[in-house]
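Only one structure is covered here, and it is reproduced in the block below.
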Amino acid sequence: MKVGTDGVLLGAWAAVRPQDRRMLDIGTGTGLIALMLAQRAPEAHVTGVDIDDVGQARENAAASPWSGRVAFAQCPVQEFETPEPFDLIVSNPPFFVDSLTCPDGGRTAARHAVHLPFGDLRDAVLRLLAPGGRFAVILSTAEAERFLAVCAGRLALVRRTDVRTTPRRPAKRALMEFVRADRPAAPPADCSADRPADCSADCSADCSAAVPEVSELVVGTGEHECYTPEYRALTRDFYLKF
């Protein structure tokens with residue numbers, strides 16, 4: 001699959017903290033999100049993993065200014081091993097579960113959760129995520145609810161943005177950020193603005209128990225190729241011509 005709005009949205013939306021040094025892109029494809037993370041985090045090392053050939057991702061990284069900090073591995077994430085956990089994991093995974101598959105095997109692998117069921121994705125994140133790390137994912141709104149059910153008690157939702165293509169259309173995508181449910185995440189800089197009522201002054205409470213931050217983003221105005229100011233503000237550093 002080539003560059004698409006979903007990947008650009010996730011790469012721009014995922015929270016990158018100053019202390020994040022190791023990042024993982026699950027289902028990296030052409031390497032788009034991995035390169036966006038490398039652009040946003042000048043001191044981080046980013047790894048992309050995909051079950052399919054990662055040759056194009058490597059070519060894209062080699063042609064970028066961040067080639068020394070981006071690496072790719074071709075293997076199922078279920079089998080991916082790493083000596084150290086990751087501070088940030090992102091994924092634009094195949095998410096169609098019950099819909100009709102495509103005759104093209106490559107497109108089916110990229111679009112349908114055949115090789116990466118939600119339970120396997122959850123387990124991979126739990127295995128590879130550092131105790132204070134975060135996981136960001138983009139899914140269709142219908143599959144987002146399915147994924148939340150799969151993650152219940154294991155990964156805790158801390159932030160969600162529902163995405164509409166235009167103001168008059170219902171939300172089509174959900175951007176979601178999780179922490180490990182058994183560990184508190186490192187608090188954001190503005191934690192005091194939305195910390196739970198029982199949170200102590202030294203932020204020792206488990207932030208994963210807080211009510212998730214929920215917002216909405218509209219991509220287009222409804223006019224042909226006219227983006228909203230909010231979408232332009234989110235993605236302004238990543239506009240490229242393909």
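As shown in the structure tokens, the chain order sets the letters A, B, ...; within each chain, residues go from 1, and ligands are also counted from 1 in the order they appear.
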
**Asked** range 113-171 of chain A: which residues are strand (DSSP E or B) by DSSP, as a PyMOL selection string?
**Response** chain A and resi 129-140+155-164

**Prompt:** Can you list, as number ranges by chain, every protein, DNA or RNA residue that comes within 9 Å of Ala142 in chain A when you count only C-alpha atoms, leaving out same-chain residues fewer than 4 positions away?
**Reply:** A: 146, 172-174

**Message:** Quick one: residues within 8 Å of Arg22 in chain A, only C-alpha atoms, excluding same-chain residues fewer than 3 positions away - as a VMD selection string?
**Reply:** chain A and resid 44 to 47 85 to 88

**Message:** Report, in Å with one decimal, the straight-line distance from CA of Glu216 in chain A to CA of Leu175 in chain A.
**Reply:**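 Interatomic distance here is 9.5 Å.
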
**Request:** Using DSSP on the backbone, list every residue of range 12-56 of chain A that comes out as helix (DSSP H, G or I), and give them as a list in words.
**Result:**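 Matching residues, listed in order: Ala12, Trp13, Leu32, Ile33, Ala34, Leu35, Met36, Leu37, Ala38, Gln39, Arg40, Gly55 and Gln56 of chain A.
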
**Request:** With a distance cut-off of 8 Å and only C-alpha atoms, select the neighbouring residues of Leu217 in chain A, excluding the residue or stretch itself and same-chain residues fewer than 6 positions from it, and output the selection as a ChimeraX atom specification.
**Result:** /A:161-164,230-231

Residue selection dump (all heavy atoms) as a PDB file, in the first residue's frame:
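That gives us selection_38.pdb:
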ATOM      1  N   THR A 161      -8.981  10.535  19.141  1.00  0.00           N
ATOM      2  CA  THR A 161      -9.478  11.556  18.223  1.00  0.00           C
ATOM      3  C   THR A 161     -10.256  10.862  17.118  1.00  0.00           C
ATOM      4  O   THR A 161      -9.705  10.034  16.386  1.00  0.00           O
ATOM      5  CB  THR A 161      -8.326  12.371  17.608  1.00  0.00           C
ATOM      6  OG1 THR A 161      -7.633  13.080  18.647  1.00  0.00           O
ATOM      7  CG2 THR A 161      -8.868  13.390  16.603  1.00  0.00           C
ATOM      8  N   ASP A 162     -11.544  11.175  17.001  1.00  0.00           N
ATOM      9  CA  ASP A 162     -12.365  10.640  15.919  1.00  0.00           C
ATOM     10  C   ASP A 162     -12.247  11.557  14.710  1.00  0.00           C
ATOM     11  O   ASP A 162     -12.301  12.787  14.845  1.00  0.00           O
ATOM     12  CB  ASP A 162     -13.816  10.525  16.370  1.00  0.00           C
ATOM     13  CG  ASP A 162     -14.000   9.414  17.397  1.00  0.00           C
ATOM     14  OD1 ASP A 162     -13.538   8.286  17.148  1.00  0.00           O
ATOM     15  OD2 ASP A 162     -14.584   9.680  18.459  1.00  0.00           O
ATOM     16  N   VAL A 163     -12.085  10.962  13.538  1.00  0.00           N
ATOM     17  CA  VAL A 163     -11.771  11.715  12.327  1.00  0.00           C
ATOM     18  C   VAL A 163     -12.928  11.647  11.344  1.00  0.00           C
ATOM     19  O   VAL A 163     -13.379  10.557  10.950  1.00  0.00           O
ATOM     20  CB  VAL A 163     -10.492  11.164  11.665  1.00  0.00           C
ATOM     21  CG1 VAL A 163     -10.142  11.990  10.419  1.00  0.00           C
ATOM     22  CG2 VAL A 163      -9.337  11.171  12.648  1.00  0.00           C
ATOM     23  N   ARG A 164     -13.420  12.820  10.946  1.00  0.00           N
ATOM     24  CA  ARG A 164     -14.429  12.940   9.891  1.00  0.00           C
ATOM     25  C   ARG A 164     -13.745  13.409   8.615  1.00  0.00           C
ATOM     26  O   ARG A 164     -12.847  14.253   8.660  1.00  0.00           O
ATOM     27  CB  ARG A 164     -15.498  13.974  10.263  1.00  0.00           C
ATOM     28  CG  ARG A 164     -16.318  13.653  11.510  1.00  0.00           C
ATOM     29  CD  ARG A 164     -17.205  14.849  11.824  1.00  0.00           C
ATOM     30  NE  ARG A 164     -18.009  14.660  13.028  1.00  0.00           N
ATOM     31  CZ  ARG A 164     -19.274  14.265  13.015  1.00  0.00           C
ATOM     32  NH1 ARG A 164     -19.892  14.044  11.860  1.00  0.00           N
ATOM     33  NH2 ARG A 164     -19.936  14.113  14.144  1.00  0.00           N
ATOM     34  N   GLU A 230      -7.522  22.925  10.909  1.00  0.00           N
ATOM     35  CA  GLU A 230      -7.052  22.000  11.938  1.00  0.00           C
ATOM     36  C   GLU A 230      -6.216  20.874  11.331  1.00  0.00           C
ATOM     37  O   GLU A 230      -5.167  20.496  11.866  1.00  0.00           O
ATOM     38  CB  GLU A 230      -8.243  21.410  12.701  1.00  0.00           C
ATOM     39  CG  GLU A 230      -9.024  22.413  13.529  1.00  0.00           C
ATOM     40  CD  GLU A 230      -9.979  23.253  12.687  1.00  0.00           C
ATOM     41  OE1 GLU A 230     -10.201  22.910  11.495  1.00  0.00           O
ATOM     42  OE2 GLU A 230     -10.490  24.254  13.217  1.00  0.00           O
ATOM     43  N   TYR A 231      -6.677  20.352  10.185  1.00  0.00           N
ATOM     44  CA  TYR A 231      -5.919  19.290   9.532  1.00  0.00           C
ATOM     45  C   TYR A 231      -4.597  19.825   8.983  1.00  0.00           C
ATOM     46  O   TYR A 231      -3.551  19.188   9.102  1.00  0.00           O
ATOM     47  CB  TYR A 231      -6.743  18.675   8.400  1.00  0.00           C
ATOM     48  CG  TYR A 231      -6.006  17.623   7.617  1.00  0.00           C
ATOM     49  CD1 TYR A 231      -5.840  16.347   8.133  1.00  0.00           C
ATOM     50  CD2 TYR A 231      -5.475  17.903   6.351  1.00  0.00           C
ATOM     51  CE1 TYR A 231      -5.153  15.369   7.411  1.00  0.00           C
ATOM     52  CE2 TYR A 231      -4.797  16.942   5.636  1.00  0.00           C
ATOM     53  CZ  TYR A 231      -4.634  15.680   6.171  1.00  0.00           C
ATOM     54  OH  TYR A 231      -3.958  14.728   5.454  1.00  0.00           O
TER      55      TYR A 231
END

**Request:** Tell me, as a PyMOL selection string, which residues lie within 8 Å of Asp25 in chain A, counting only C-alpha atoms; anything in the same chain fewer than 4 positions away does not count.
**Result:** chain A and resi 33-34+46-49+89-91

**Request:** Please identify all polymer residues within 10 Å of Asn92 in chain A, counting only C-alpha atoms, omitting same-chain residues fewer than 5 positions from it, and present them as a list in words.
**Result:** Asp6, Gly7, Val8, Leu9, Leu10, Gly11, Asp25, Ile26, Gly27, Thr28, Gly29, Ile33, Ala110, Arg111, Ala136, Val137, Ile138, Leu139 and Leu175 of chain A

Could you save the residues just selected, with C-alpha atoms, as a PDB file, in the first residue's frame?
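What landed in out.pdb:
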ATOM      1  CA  ASP A   6      -4.423   7.233   7.523  1.00  0.00           C
ATOM      2  CA  GLY A   7      -0.646   6.959   7.725  1.00  0.00           C
ATOM      3  CA  VAL A   8      -0.100  10.715   7.528  1.00  0.00           C
ATOM      4  CA  LEU A   9      -2.692  11.282  10.264  1.00  0.00           C
ATOM      5  CA  LEU A  10      -1.132   8.747  12.615  1.00  0.00           C
ATOM      6  CA  GLY A  11       2.428   9.923  12.004  1.00  0.00           C
ATOM      7  CA  ASP A  25       6.284   1.119  13.508  1.00  0.00           C
ATOM      8  CA  ILE A  26       4.288  -2.126  13.180  1.00  0.00           C
ATOM      9  CA  GLY A  27       3.199  -2.827   9.594  1.00  0.00           C
ATOM     10  CA  THR A  28       5.535  -0.173   8.232  1.00  0.00           C
ATOM     11  CA  GLY A  29       4.798  -0.702   4.501  1.00  0.00           C
ATOM     12  CA  ILE A  33       5.201   6.669   9.500  1.00  0.00           C
ATOM     13  CA  ALA A 110      -2.429  -4.768   3.956  1.00  0.00           C
ATOM     14  CA  ARG A 111      -6.150  -4.190   4.513  1.00  0.00           C
ATOM     15  CA  ALA A 136      -0.780   4.809  19.053  1.00  0.00           C
ATOM     16  CA  VAL A 137      -3.001   3.235  16.401  1.00  0.00           C
ATOM     17  CA  ILE A 138      -5.480   4.270  13.710  1.00  0.00           C
ATOM     18  CA  LEU A 139      -8.527   2.112  12.937  1.00  0.00           C
ATOM     19  CA  LEU A 175      -6.869   7.657  16.385  1.00  0.00           C
TER      20      LEU A 175
END

**Item:** Distance of CA of Thr235 in chain A from CA of Arg160 in chain A, expressed in Å to one decimal place
**Value:** 17.3 Å

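Residue nearest Gln78 in chain A, chosen from A:Ala124, A:Ala57, A:Leu35, A:Leu24 and counting only C-alpha atoms: A:Ala124.
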